[in-house]
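The file coords_20.txt comes next; it holds compact mmCIF, C-alpha atoms.
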```txt
# COMPACT_ATOMS: atom_id res chain seq x y z
CA MET A 747 -23.87 42.81 -7.47
CA LYS A 748 -21.83 39.80 -8.67
CA ILE A 749 -18.60 41.56 -7.67
CA ILE A 750 -20.03 42.32 -4.21
CA HIS A 751 -21.00 38.68 -3.74
CA ILE A 752 -17.50 37.59 -4.72
CA LEU A 753 -15.94 40.03 -2.25
CA ILE A 754 -18.23 38.85 0.55
CA ALA A 755 -17.49 35.21 -0.23
CA SER A 756 -13.77 35.93 -0.20
CA PHE A 757 -14.08 37.68 3.14
CA LEU A 758 -15.89 34.71 4.66
CA LEU A 759 -13.34 32.17 3.45
CA PRO A 760 -10.99 30.89 6.16
CA LEU A 761 -7.52 32.36 6.08
CA VAL A 762 -5.10 30.06 4.25
CA CYS A 763 -1.36 30.12 4.64
CA SER A 764 1.42 28.75 2.47
CA GLY A 765 3.77 26.06 3.65
CA GLN A 766 7.48 25.72 2.92
CA ASN A 767 9.65 23.19 1.16
CA PRO A 768 11.29 21.01 2.29
CA ILE A 769 8.54 20.06 4.74
CA ILE A 770 10.89 18.34 7.25
CA GLN A 771 13.96 20.21 8.53
CA THR A 772 15.01 18.40 11.73
CA LYS A 773 16.09 15.20 9.96
CA TYR A 774 17.11 14.18 6.47
CA THR A 775 14.18 12.32 4.91
CA ALA A 776 13.58 10.74 1.50
CA ASP A 777 11.34 8.32 -0.40
CA PRO A 778 7.97 9.71 0.78
CA ALA A 779 5.15 7.17 1.13
CA PRO A 780 1.91 8.99 2.09
CA LEU A 781 -1.17 7.14 3.35
CA VAL A 782 -4.55 8.75 4.07
CA TYR A 783 -6.32 7.26 7.08
CA ASN A 784 -8.84 8.67 9.60
CA ASP A 785 -8.74 12.14 8.01
CA THR A 786 -4.97 12.26 8.55
CA VAL A 787 -2.00 11.99 6.21
CA PHE A 788 0.52 9.43 7.48
CA LEU A 789 3.86 10.06 5.79
CA TYR A 790 6.28 7.15 6.00
CA THR A 791 9.83 8.00 4.99
CA SER A 792 13.28 6.61 4.66
CA HIS A 793 15.96 8.41 6.67
CA ASP A 794 19.44 9.57 5.73
CA GLU A 795 21.77 9.83 8.71
CA ASP A 796 23.29 13.23 9.46
CA ASP A 797 26.79 12.02 8.56
CA ALA A 798 25.80 10.14 5.39
CA PHE A 799 28.32 10.25 2.53
CA GLY A 800 26.47 7.83 0.27
CA PHE A 801 23.31 6.03 1.33
CA LYS A 802 23.42 5.52 5.11
CA MET A 803 19.90 4.42 6.05
CA GLN A 804 19.06 2.32 9.12
CA ASP A 805 15.37 2.93 9.88
CA TRP A 806 12.04 4.32 8.74
CA LEU A 807 10.26 7.37 10.17
CA LEU A 808 6.66 8.56 10.42
CA TYR A 809 5.17 12.06 10.22
CA THR A 810 1.49 13.07 10.29
CA SER A 811 -0.52 16.12 9.28
CA THR A 812 -4.13 17.19 8.99
CA ASP A 813 -3.43 20.52 7.28
CA MET A 814 -0.50 19.66 4.93
CA VAL A 815 1.82 22.33 6.34
CA ASN A 816 2.29 21.50 10.03
CA TRP A 817 3.91 18.06 10.32
CA THR A 818 4.27 16.10 13.56
CA GLU A 819 7.14 13.65 13.88
CA HIS A 820 6.50 10.26 15.50
CA GLY A 821 10.07 9.01 15.30
CA VAL A 822 11.32 5.61 14.20
CA ILE A 823 8.46 3.21 13.47
CA ALA A 824 10.59 0.36 12.06
CA SER A 825 14.23 -0.47 11.41
CA LEU A 826 16.44 -3.12 9.84
CA LYS A 827 16.57 -4.78 13.26
CA ASP A 828 12.92 -5.78 12.78
CA PHE A 829 14.05 -8.22 10.05
CA ARG A 830 16.23 -10.90 11.63
CA TRP A 831 17.20 -12.23 8.20
CA VAL A 832 18.81 -8.95 7.06
CA PRO A 833 22.61 -9.33 7.40
CA TYR A 834 23.56 -5.64 7.67
CA ASP A 835 22.65 -2.42 9.51
CA ASN A 836 22.60 -0.07 6.49
CA GLY A 837 20.02 -0.48 3.76
CA ALA A 838 16.59 0.75 4.95
CA TRP A 839 15.50 1.98 1.52
CA ALA A 840 12.21 3.32 0.12
CA PRO A 841 9.10 1.82 1.89
CA GLN A 842 5.35 1.99 1.42
CA CYS A 843 2.57 1.37 3.93
CA ILE A 844 -0.96 0.31 2.98
CA ARG A 845 -4.06 -0.60 4.99
CA ARG A 846 -6.19 -3.71 4.48
CA ASN A 847 -8.63 -5.54 6.78
CA ASN A 848 -7.84 -3.13 9.64
CA LYS A 849 -4.14 -3.96 9.52
CA PHE A 850 -1.24 -1.91 8.19
CA TYR A 851 1.39 -3.48 5.97
CA LEU A 852 4.79 -1.83 5.60
CA TYR A 853 6.76 -3.05 2.58
CA CYS A 854 10.49 -2.50 3.04
CA PRO A 855 13.27 -3.11 0.50
CA MET A 856 16.82 -4.07 1.42
CA PRO A 857 19.31 -3.61 -1.46
CA ASN A 858 22.02 -5.85 -2.92
CA GLY A 859 19.71 -8.80 -3.53
CA ILE A 860 18.54 -9.20 0.09
CA GLY A 861 14.91 -8.74 -0.93
CA ILE A 862 11.68 -6.97 -0.06
CA GLY A 863 10.25 -7.67 3.39
CA VAL A 864 6.90 -6.88 4.93
CA LEU A 865 5.96 -5.79 8.44
CA VAL A 866 2.44 -5.71 9.87
CA SER A 867 0.75 -3.73 12.64
CA ASP A 868 -2.71 -3.15 14.05
CA SER A 869 -2.00 0.59 14.08
CA PRO A 870 -0.49 3.01 11.55
CA TYR A 871 1.85 4.12 14.35
CA GLY A 872 3.15 0.60 14.92
CA PRO A 873 4.66 -1.39 16.47
CA PHE A 874 5.37 -3.31 13.25
CA LYS A 875 6.45 -6.96 13.27
CA ASP A 876 7.71 -9.40 10.65
CA PRO A 877 4.93 -12.01 10.12
CA ILE A 878 6.84 -14.37 7.79
CA GLY A 879 10.47 -14.21 8.95
CA LYS A 880 11.88 -14.10 5.42
CA PRO A 881 11.76 -11.92 2.28
CA LEU A 882 8.41 -11.63 0.57
CA ILE A 883 10.25 -10.96 -2.70
CA LYS A 884 13.72 -12.30 -3.43
CA ASN A 885 14.28 -12.04 -7.17
CA GLY A 886 17.62 -10.27 -7.50
CA VAL A 887 19.43 -6.95 -7.19
CA GLN A 888 16.47 -5.05 -8.64
CA ASP A 889 14.32 -5.79 -5.58
CA ILE A 890 13.93 -2.18 -4.41
CA ASP A 891 11.25 0.54 -4.25
CA PRO A 892 8.03 -1.43 -3.61
CA THR A 893 4.62 0.14 -4.21
CA VAL A 894 1.21 -1.47 -3.66
CA LEU A 895 -2.18 -1.02 -5.32
CA ILE A 896 -5.40 -2.67 -4.10
CA ASP A 897 -7.80 -2.64 -7.05
CA ASP A 898 -11.56 -2.15 -6.79
CA ASP A 899 -12.12 -5.91 -7.12
CA GLY A 900 -9.92 -6.53 -4.06
CA GLN A 901 -6.91 -7.85 -5.97
CA ALA A 902 -3.66 -6.37 -4.64
CA TYR A 903 -0.54 -5.84 -6.72
CA LEU A 904 3.04 -5.24 -5.61
CA TYR A 905 5.32 -3.39 -8.06
CA TRP A 906 9.04 -2.67 -7.78
CA GLY A 907 12.34 -2.45 -9.60
CA ASN A 908 15.33 -0.51 -10.97
CA PRO A 909 15.85 -0.22 -13.94
CA ASP A 910 13.13 -2.74 -14.89
CA LEU A 911 9.59 -2.84 -13.56
CA TYR A 912 8.21 -6.02 -11.96
CA TYR A 913 4.94 -6.95 -10.30
CA VAL A 914 3.15 -9.83 -8.57
CA LYS A 915 -0.41 -10.47 -7.45
CA LEU A 916 -0.57 -10.36 -3.66
CA ASN A 917 -2.88 -12.71 -1.83
CA GLU A 918 -5.52 -11.28 0.48
CA ASP A 919 -3.22 -11.85 3.48
CA MET A 920 -0.84 -9.28 1.89
CA VAL A 921 2.20 -11.29 3.01
CA SER A 922 2.25 -13.86 0.19
CA TYR A 923 1.59 -13.90 -3.53
CA SER A 924 0.18 -16.16 -6.22
CA GLY A 925 1.51 -16.78 -9.69
CA GLY A 926 4.90 -15.82 -10.98
CA ILE A 927 6.84 -12.58 -10.94
CA VAL A 928 6.06 -10.56 -14.09
CA LYS A 929 8.64 -8.34 -15.75
CA GLU A 930 6.57 -5.54 -17.27
CA PRO A 931 7.30 -5.31 -21.02
CA THR A 932 5.69 -1.88 -21.50
CA LYS A 933 7.52 0.18 -18.92
CA PRO A 934 8.10 3.74 -20.21
CA ALA A 935 11.44 4.33 -21.90
CA ASN A 936 12.50 6.88 -19.28
CA TYR A 937 11.53 4.71 -16.29
CA GLN A 938 14.38 4.45 -13.80
CA GLU A 939 13.11 3.48 -10.33
CA GLY A 940 10.78 4.49 -7.50
CA PRO A 941 7.40 3.42 -8.94
CA TRP A 942 4.16 4.65 -7.37
CA VAL A 943 0.94 3.10 -8.70
CA TRP A 944 -2.60 4.33 -8.00
CA LYS A 945 -6.10 4.41 -9.50
CA ARG A 946 -8.24 7.51 -9.96
CA ASN A 947 -11.54 7.98 -11.84
CA GLY A 948 -11.11 4.70 -13.69
CA HIS A 949 -7.53 5.42 -14.81
CA TYR A 950 -4.50 3.49 -13.61
CA TYR A 951 -1.37 5.57 -13.08
CA LEU A 952 2.29 4.67 -12.83
CA SER A 953 4.60 7.46 -11.69
CA TYR A 954 8.31 6.97 -11.20
CA ALA A 955 11.73 8.56 -10.91
CA SER A 956 12.82 9.11 -14.50
CA THR A 957 16.10 9.19 -16.43
CA CYS A 958 18.92 9.20 -13.90
CA CYS A 959 20.59 11.55 -13.21
CA PRO A 960 19.24 14.07 -12.19
CA GLU A 961 15.90 12.31 -11.91
CA GLY A 962 12.59 13.91 -12.70
CA ILE A 963 9.14 12.40 -12.11
CA GLY A 964 7.55 10.77 -15.14
CA TYR A 965 4.16 9.08 -15.42
CA ALA A 966 2.21 6.66 -17.59
CA MET A 967 -1.44 5.59 -17.74
CA SER A 968 -3.27 2.35 -18.43
CA ASN A 969 -6.72 0.79 -18.47
CA SER A 970 -5.46 -2.12 -16.36
CA PRO A 971 -3.21 -2.59 -13.32
CA LYS A 972 -1.24 -5.03 -15.48
CA GLY A 973 -0.60 -2.54 -18.29
CA PRO A 974 0.15 -1.89 -21.04
CA TRP A 975 1.51 1.46 -19.79
CA GLU A 976 1.41 4.48 -22.10
CA TYR A 977 3.90 7.24 -21.35
CA LYS A 978 2.15 10.59 -20.87
CA GLY A 979 4.94 12.97 -19.89
CA ASN A 980 6.73 14.32 -16.86
CA ILE A 981 5.06 15.52 -13.71
CA MET A 982 8.33 17.30 -12.99
CA ASP A 983 11.51 17.57 -15.02
CA GLY A 984 14.85 16.63 -13.54
CA ASP A 985 16.94 19.45 -12.12
CA LYS A 986 20.62 19.69 -11.28
CA ARG A 987 19.63 20.81 -7.76
CA SER A 988 18.42 17.27 -6.98
CA ASN A 989 20.29 14.13 -8.00
CA GLY A 990 17.34 11.81 -7.35
CA ASN A 991 13.58 11.82 -6.84
CA HIS A 992 10.86 9.46 -5.62
CA PRO A 993 7.14 10.23 -6.03
CA GLY A 994 4.35 9.58 -3.55
CA ILE A 995 0.88 10.71 -4.68
CA ILE A 996 -2.44 11.00 -2.82
CA ASP A 997 -5.84 12.72 -2.85
CA TYR A 998 -6.72 14.43 0.43
CA LYS A 999 -9.58 16.73 1.41
CA GLY A 1000 -10.49 17.45 -2.20
CA ASN A 1001 -6.94 18.14 -3.33
CA SER A 1002 -4.24 16.07 -5.01
CA TYR A 1003 -0.61 16.10 -3.92
CA VAL A 1004 2.76 14.83 -5.07
CA PHE A 1005 5.64 14.27 -2.65
CA GLY A 1006 9.28 13.89 -3.61
CA PHE A 1007 12.62 15.20 -2.37
CA ASN A 1008 15.50 17.56 -2.99
CA TYR A 1009 18.78 18.44 -1.28
CA ALA A 1010 17.92 21.98 -0.17
CA ILE A 1011 18.64 21.52 3.57
CA LEU A 1012 22.01 19.94 2.79
CA LYS A 1013 22.91 22.75 0.39
CA GLN A 1014 22.38 25.36 3.11
CA THR A 1015 25.72 24.27 4.58
CA MET A 1016 27.51 21.94 2.13
CA ALA A 1017 28.96 22.54 -1.35
CA LYS A 1018 29.62 18.94 -2.40
CA HIS A 1019 27.09 16.16 -2.97
CA TYR A 1020 26.10 13.84 -0.14
CA GLU A 1021 23.05 11.60 0.11
CA ARG A 1022 21.21 13.74 2.67
CA ARG A 1023 17.79 14.38 1.20
CA SER A 1024 14.72 16.36 2.25
CA ILE A 1025 11.08 15.66 1.35
CA CYS A 1026 9.09 18.27 -0.58
CA LEU A 1027 5.43 18.61 -1.47
CA GLU A 1028 3.39 20.24 -4.26
CA THR A 1029 -0.24 20.37 -5.35
CA LEU A 1030 -0.99 18.05 -8.29
CA ILE A 1031 -3.45 19.14 -10.98
CA TYR A 1032 -5.31 16.74 -13.28
CA ASN A 1033 -6.73 17.71 -16.67
CA ALA A 1034 -10.27 16.74 -17.69
CA ASP A 1035 -8.99 13.70 -19.60
CA GLY A 1036 -7.08 12.41 -16.57
CA THR A 1037 -3.64 13.53 -17.68
CA ILE A 1038 -1.49 15.49 -15.23
CA GLN A 1039 -0.19 19.03 -15.60
CA LYS A 1040 3.57 19.48 -15.43
CA LEU A 1041 4.89 21.21 -12.32
CA PRO A 1042 7.99 23.35 -11.95
CA PHE A 1043 10.79 21.98 -9.82
CA TRP A 1044 10.01 21.97 -6.08
CA THR A 1045 9.03 25.50 -5.07
CA ASN A 1046 9.99 27.14 -1.79
CA SER A 1047 6.37 27.97 -0.97
CA GLY A 1048 4.97 24.43 -1.21
CA VAL A 1049 1.21 24.04 -0.65
CA LYS A 1050 -1.61 25.96 1.01
CA GLN A 1051 -2.72 25.12 4.52
CA LEU A 1052 -5.98 23.21 4.93
CA GLY A 1053 -7.83 24.54 7.97
CA SER A 1054 -5.97 25.77 11.03
CA LEU A 1055 -4.16 24.55 14.14
CA ASN A 1056 -5.84 24.42 17.56
CA PRO A 1057 -3.55 25.94 20.22
CA TYR A 1058 -5.83 25.11 23.16
CA LYS A 1059 -4.81 21.47 23.34
CA ARG A 1060 -1.38 20.01 23.89
CA VAL A 1061 0.76 20.43 20.77
CA GLU A 1062 3.96 18.43 20.51
CA ALA A 1063 7.01 20.65 20.03
CA GLU A 1064 8.02 18.40 17.13
CA THR A 1065 4.95 19.72 15.27
CA MET A 1066 6.20 22.41 12.93
CA ALA A 1067 5.88 23.97 9.50
CA TRP A 1068 9.44 25.25 9.55
CA SER A 1069 12.41 25.30 11.89
CA GLU A 1070 16.03 26.35 11.93
CA GLY A 1071 18.86 24.86 13.94
CA VAL A 1072 16.95 22.33 16.02
CA LYS A 1073 16.86 18.53 15.93
CA THR A 1074 14.57 15.90 17.45
CA GLU A 1075 15.42 13.04 19.79
CA PHE A 1076 13.69 10.09 21.44
CA ALA A 1077 14.35 9.06 25.04
CA THR A 1078 12.73 6.87 27.69
CA GLU A 1079 12.50 8.13 31.27
CA TRP A 1080 12.69 5.47 34.00
CA GLU A 1081 11.82 5.45 37.67
CA ARG A 1082 15.44 4.92 38.70
CA ASN A 1083 18.80 5.66 37.06
CA VAL A 1084 20.20 2.23 37.92
CA SER A 1085 21.04 0.21 34.82
CA TRP A 1086 20.23 -3.17 36.37
CA ASP A 1087 17.10 -1.95 38.19
CA LYS A 1088 15.46 0.88 36.26
CA GLY A 1089 12.04 0.33 37.81
CA LYS A 1090 8.89 1.44 36.05
CA LYS A 1091 8.85 3.38 32.81
CA ILE A 1092 7.74 6.95 33.41
CA ALA A 1093 7.44 8.06 29.80
CA ASP A 1094 8.63 7.68 26.23
CA ARG A 1095 9.35 11.11 24.82
CA LEU A 1096 10.10 12.49 21.40
CA PHE A 1097 11.22 16.10 21.85
CA VAL A 1098 13.03 19.00 20.26
CA THR A 1099 16.70 19.29 21.17
CA SER A 1100 19.96 20.88 19.98
CA ILE A 1101 18.43 24.26 20.82
CA HIS A 1102 20.76 27.26 20.66
CA HIS A 1103 20.51 31.04 20.56
CA GLY A 1104 18.61 32.23 17.50
CA ASP A 1105 17.10 28.85 16.60
CA TYR A 1106 13.33 28.74 16.18
CA ILE A 1107 10.24 26.65 15.46
CA MET A 1108 7.32 27.99 13.42
CA VAL A 1109 3.78 26.60 13.27
CA LYS A 1110 1.38 27.94 10.66
CA GLY A 1111 -2.20 29.06 10.82
CA VAL A 1112 -2.81 28.95 14.59
CA ASP A 1113 -6.43 29.84 15.37
CA PHE A 1114 -6.72 32.09 18.45
CA SER A 1115 -10.51 32.40 18.23
CA LYS A 1116 -10.78 32.16 22.03
CA GLY A 1117 -8.01 34.66 22.71
CA ALA A 1118 -5.09 33.81 25.00
CA SER A 1119 -4.16 34.50 28.60
CA SER A 1120 -1.12 32.28 29.12
CA VAL A 1121 0.98 29.54 27.59
CA ASP A 1122 2.25 26.30 29.13
CA VAL A 1123 5.52 24.79 27.91
CA ASN A 1124 7.11 21.53 28.98
CA VAL A 1125 10.92 21.63 29.01
CA SER A 1126 14.01 20.10 30.57
CA SER A 1127 16.69 22.71 31.20
CA LEU A 1128 20.35 22.25 30.27
CA PHE A 1129 21.97 25.66 30.73
CA GLY A 1130 18.66 27.54 30.63
CA GLY A 1131 17.43 30.36 28.43
CA LYS A 1132 14.29 31.97 27.07
CA ILE A 1133 11.53 31.26 24.57
CA GLU A 1134 10.24 34.37 22.84
CA ILE A 1135 6.77 33.78 21.38
CA ARG A 1136 6.23 35.94 18.32
CA THR A 1137 3.54 36.12 15.66
CA ASP A 1138 3.71 36.09 11.87
CA LYS A 1139 7.47 36.69 11.58
CA LYS A 1140 10.59 35.61 13.43
CA ASP A 1141 10.96 39.21 14.58
CA GLY A 1142 7.21 39.84 14.65
CA PRO A 1143 5.15 41.14 17.60
CA LEU A 1144 6.21 39.63 20.93
CA ILE A 1145 3.24 38.23 22.85
CA GLY A 1146 5.16 36.53 25.67
CA THR A 1147 8.53 35.35 26.97
CA VAL A 1148 9.03 32.07 28.81
CA ASN A 1149 11.98 32.30 31.21
CA ILE A 1150 13.73 29.00 31.92
CA ASN A 1151 15.93 30.08 34.82
CA THR A 1152 17.15 26.72 36.10
CA SER A 1153 20.05 24.67 34.73
CA ALA A 1154 21.48 21.15 35.05
CA GLU A 1155 17.99 19.63 34.82
CA GLY A 1156 18.27 17.93 31.45
CA ASP A 1157 16.80 14.74 32.90
CA LEU A 1158 13.89 16.50 34.67
CA TRP A 1159 10.80 17.64 32.79
CA LYS A 1160 8.86 20.63 34.13
CA THR A 1161 5.82 22.58 32.90
CA ILE A 1162 6.21 26.36 33.02
CA SER A 1163 3.21 28.68 32.67
CA THR A 1164 3.72 32.24 31.47
CA PRO A 1165 1.24 35.10 30.82
CA VAL A 1166 0.88 36.25 27.20
CA LYS A 1167 -0.76 39.24 25.53
CA ASN A 1168 -4.26 38.53 24.40
CA ILE A 1169 -4.40 37.72 20.71
CA LYS A 1170 -7.23 37.00 18.28
CA GLY A 1171 -7.44 35.68 14.75
CA ILE A 1172 -5.26 33.26 12.82
CA HIS A 1173 -1.50 33.73 13.04
CA ASP A 1174 1.75 31.93 12.39
CA VAL A 1175 3.50 31.42 15.73
CA TYR A 1176 7.28 31.51 16.17
CA PHE A 1177 9.01 30.03 19.21
CA VAL A 1178 12.36 31.84 19.12
CA PHE A 1179 15.08 30.58 21.47
CA ARG A 1180 17.51 32.87 23.30
CA GLY A 1181 20.45 32.19 25.61
CA GLU A 1182 23.96 30.77 25.71
CA LYS A 1183 25.32 27.23 25.16
CA ASP A 1184 22.85 24.33 24.96
CA LEU A 1185 19.65 25.84 26.27
CA PHE A 1186 17.01 23.18 27.01
CA ASN A 1187 14.90 20.39 25.53
CA PHE A 1188 11.32 21.16 24.49
CA ASP A 1189 8.51 18.58 24.68
CA TRP A 1190 5.16 20.35 24.18
CA TRP A 1191 3.20 23.60 24.43
CA MET A 1192 -0.40 24.75 24.92
CA PHE A 1193 -2.15 28.13 25.09
CA ASN A 1194 -4.87 28.84 27.63
CA ALA A 1195 -7.95 30.76 26.46
CA LYS A 1196 -8.71 34.27 27.66
```
Once more with this new file: its structure as structure tokens, please.
Amino acid sequence: MKIIHILIASFLLPLVCSGQNPIIQTKYTADPAPLVYNDTVFLYTSHDEDDAFGFKMQDWLLYTSTDMVNWTEHGVIASLKDFRWVPYDNGAWAPQCIRRNNKFYLYCPMPNGIGIGVLVSDSPYGPFKDPIGKPLIKNGVQDIDPTVLIDDDGQAYLYWGNPDLYYVKLNEDMVSYSGGIVKEPTKPANYQEGPWVWKRNGHYYLSYASTCCPEGIGYAMSNSPKGPWEYKGNIMDGDKRSNGNHPGIIDYKGNSYVFGFNYAILKQTMAKHYERRSICLETLIYNADGTIQKLPFWTNSGVKQLGSLNPYKRVEAETMAWSEGVKTEFATEWERNVSWDKGKKIADRLFVTSIHHGDYIMVKGVDFSKGASSVDVNVSSLFGGKIEIRTDKKDGPLIGTVNINTSAEGDLWKTISTPVKNIKGIHDVYFVFRGEKDLFNFDWWMFNAK
């Protein structure tokens, strides 16, 4: 009887799917800074440019997810241009965003002794603005990799540093601090950079990139946000496949997660080392005493999907669990194509571009509980082509083909509706692109119920 009950319970559980690492493929991303807000994970990242040799970083990006496998890009949410006191256009290093008093504070380091700045917004999506017009922290060349903890008593702390660890007590306004800068005397011996501090079940945790190079992820614990910090081990050992690392750790929907990065997307095409990194994600497991179990190096499978994706509402094309070949781009459409008189703004669009034959986008765990009769896609055609919609595999069952027969309409956006075979259940959906030359740009899609 117990076995029968287990089998029935297993049958009734929602279908879960595995994700893939790295979780972002359309851009090079690093230094993950996750924030949980309104039942959504907001993932703020630094951004390596496609042609980076060393660190070429000009802005910060935002991605969101509610299921931990399908991530939606929201583009650039801040850049070095937002700090008028920054004297260069390359140096948008590891950020962190935190919420307090219904505002969102984005702490941004600029290397070479420029300092740590702070931006503020009323929304996690921005726009972010500089409220003080100067560095919040200007202590020297170690002013990088800020992380923030707001303790249960309301006191906020800002930590940072490479190869030493520093902290200050932030005031309630989050854009100033009281007391002096403290150089932490009990930092773990293998601490290198990239601190991430959090509190869980009465324990204070300090994780960090350890022992360069390659860097793993080490961690320490304390009974106070001010230390002393006791080294507990590595969350992940360093690996020659990844020169650096940078942890970001959260609890979400009853699970714990650690973010970091590797160079797997770069290594698909390049043999030598360049600073073009890609964020990865794994499930974090705590022991009963609060210590953390060691993980293997970033797996290909990543984490399990939480819930499913609703295909009956507009889904941005830049929402994906995996992709190959494509990129994303932001553009503003104006009423008139006259530089001195553009007229009214029609739309700001972030869309999928650089689409060629054989490229594809995959979204995981799409719930077709209402069946499907047709699909709407919004595209702007370059040379034209087709979108094959397949389930569960790139060459899986074909449920519909969207024909984009026009060309030379890259600045015109049109919605095309196409019949599809009825489908039920939960499936991974592949949008596979066919044609010649540059095919089209892809803005959004939506299925219509049977």
Tell me which of A:Asn836, A:Thr1074, A:Asn1083, A:Ser811 sits closest to A:Asp794, counting only C-alpha atoms.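 Selected residue with least distance to A:Asp794: A:Asn836.
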Which residue, A:Lys978, A:Leu916, A:Gly990, A:Val832, has the smallest gap to A:Thr957 when you use all atoms listed in the file? A:Gly990
Quick one: everything within 12 Å of A:Leu1096, counting only C-alpha atoms, minus sequence neighbours fewer than 4 positions away in the same chain. Send it as an MDAnalysis selection string. chainID A and resid 818:822 1062:1065 1073:1079 1125 1187:1190
Please report the interatomic distance between atom CA of A:Ile1162 and atom CA of A:Val1123 in Å with one decimal.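 Separation of atom CA of A:Ile1162 and atom CA of A:Val1123: 5.4 Å.
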What gap, in Å, lies between atom CA of A:Ile1031 and atom CA of A:Ser792? 26.1 Å
Gap from atom CA of A:Pro780 to atom CA of A:Gly886 - Å, one decimal: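 Distance between the two atoms: 26.6 Å.
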Just the residues within 10 Å of A:Trp942, please, counting only C-alpha atoms, with nothing from its chain fewer than 2 positions along; format it as a list in words. Ala779, Gln842, Asp891, Pro892, Thr893, Val894, Leu895, Tyr905, Trp906, Glu939, Gly940, Trp944, Tyr951, Leu952, Ser953, Tyr954, Ala955, Tyr965, His992, Pro993, Gly994 and Ile995 of chain A
Find the axis-aligned box for stretch 968-976 of chain A, covering all its listed atoms and adding 8 Å on each side, and write its centre and edge lengths in Å to one decimal as lines of an AutoDock Vina configuration file.
```
center_x = -2.6
center_y = -0.3
center_z = -17.7
size_x = 24.2
size_y = 25.5
size_z = 24.8
```
Considering all atoms listed in the file, return as a list in words whatever protein or nucleic-acid residues lie within 10 Å of A:Lys1140, sequence-local ones (same chain, fewer than 4 positions apart) excluded.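 Listed by chain and then number, they are Gly1104, Asp1105, Tyr1106, Ile1107, Met1108, Glu1134, Ile1135, Arg1136, Leu1144, Asp1174, Val1175, Tyr1176, Phe1177 and Val1178 of chain A.
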Using only C-alpha atoms, pick whichever of A:Trp831, A:Thr1099, A:Leu911, A:Asp868 has the shortest atom-to-atom distance to A:Arg846.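 Closest to A:Arg846, using only C-alpha atoms: A:Asp868.
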Would you pick out the contacts of A:Gly1117 at 12 Å or less, using only C-alpha atoms, so that residues sharing its chain but fewer than 4 positions from it are not included, and give the list as a list in words? Asn1056, Pro1057, Tyr1058, Val1112, Asp1113, Val1121, Ile1145, Val1166, Lys1167, Asn1168, Ile1169, Lys1170, Gly1171, Ile1172, His1173, Phe1193, Asn1194, Ala1195 and Lys1196 of chain A
For A:Lys933: contacts at 10 Å, only C-alpha atoms, fewer than 3 positions along chain excluded, given as number ranges by chain: A: 909-912, 929-930, 936-938, 952, 966, 973-977
Of the candidates A:Gly948, A:Gly964, A:Pro778, A:Pro768, which one gets nearest to A:Asp1035 if we count only C-alpha atoms?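 Of A:Gly948, A:Gly964, A:Pro778, A:Pro768, the one nearest A:Asp1035, counting only C-alpha atoms, is A:Gly948.
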N, CA, C and O atoms modelled onto stretch 856-863 of chain A, as a tab-separated table (two decimals), in the frame of the given file:
```tsv
chain	number	residue	atom	x	y	z
A	856	MET	N	15.42	-4.05	0.99
A	856	MET	CA	16.82	-4.07	1.42
A	856	MET	C	17.68	-4.37	0.20
A	856	MET	O	17.47	-5.39	-0.45
A	857	PRO	N	18.60	-3.50	-0.18
A	857	PRO	CA	19.31	-3.61	-1.46
A	857	PRO	C	20.32	-4.75	-1.49
A	857	PRO	O	20.51	-5.49	-0.52
A	858	ASN	N	20.97	-4.87	-2.65
A	858	ASN	CA	22.02	-5.85	-2.92
A	858	ASN	C	21.50	-7.28	-2.92
A	858	ASN	O	22.20	-8.22	-2.49
A	859	GLY	N	20.26	-7.47	-3.38
A	859	GLY	CA	19.71	-8.80	-3.53
A	859	GLY	C	19.17	-9.43	-2.27
A	859	GLY	O	18.82	-10.61	-2.27
A	860	ILE	N	19.07	-8.65	-1.17
A	860	ILE	CA	18.54	-9.20	0.09
A	860	ILE	C	17.04	-9.42	-0.01
A	860	ILE	O	16.50	-10.39	0.50
A	861	GLY	N	16.33	-8.52	-0.69
A	861	GLY	CA	14.91	-8.74	-0.93
A	861	GLY	C	14.02	-7.66	-0.37
A	861	GLY	O	14.47	-6.68	0.23
A	862	ILE	N	12.72	-7.86	-0.58
A	862	ILE	CA	11.68	-6.97	-0.06
A	862	ILE	C	10.95	-7.69	1.05
A	862	ILE	O	10.40	-8.77	0.84
A	863	GLY	N	10.95	-7.10	2.25
A	863	GLY	CA	10.25	-7.67	3.39
A	863	GLY	C	8.95	-6.95	3.65
A	863	GLY	O	8.65	-5.92	3.04
```
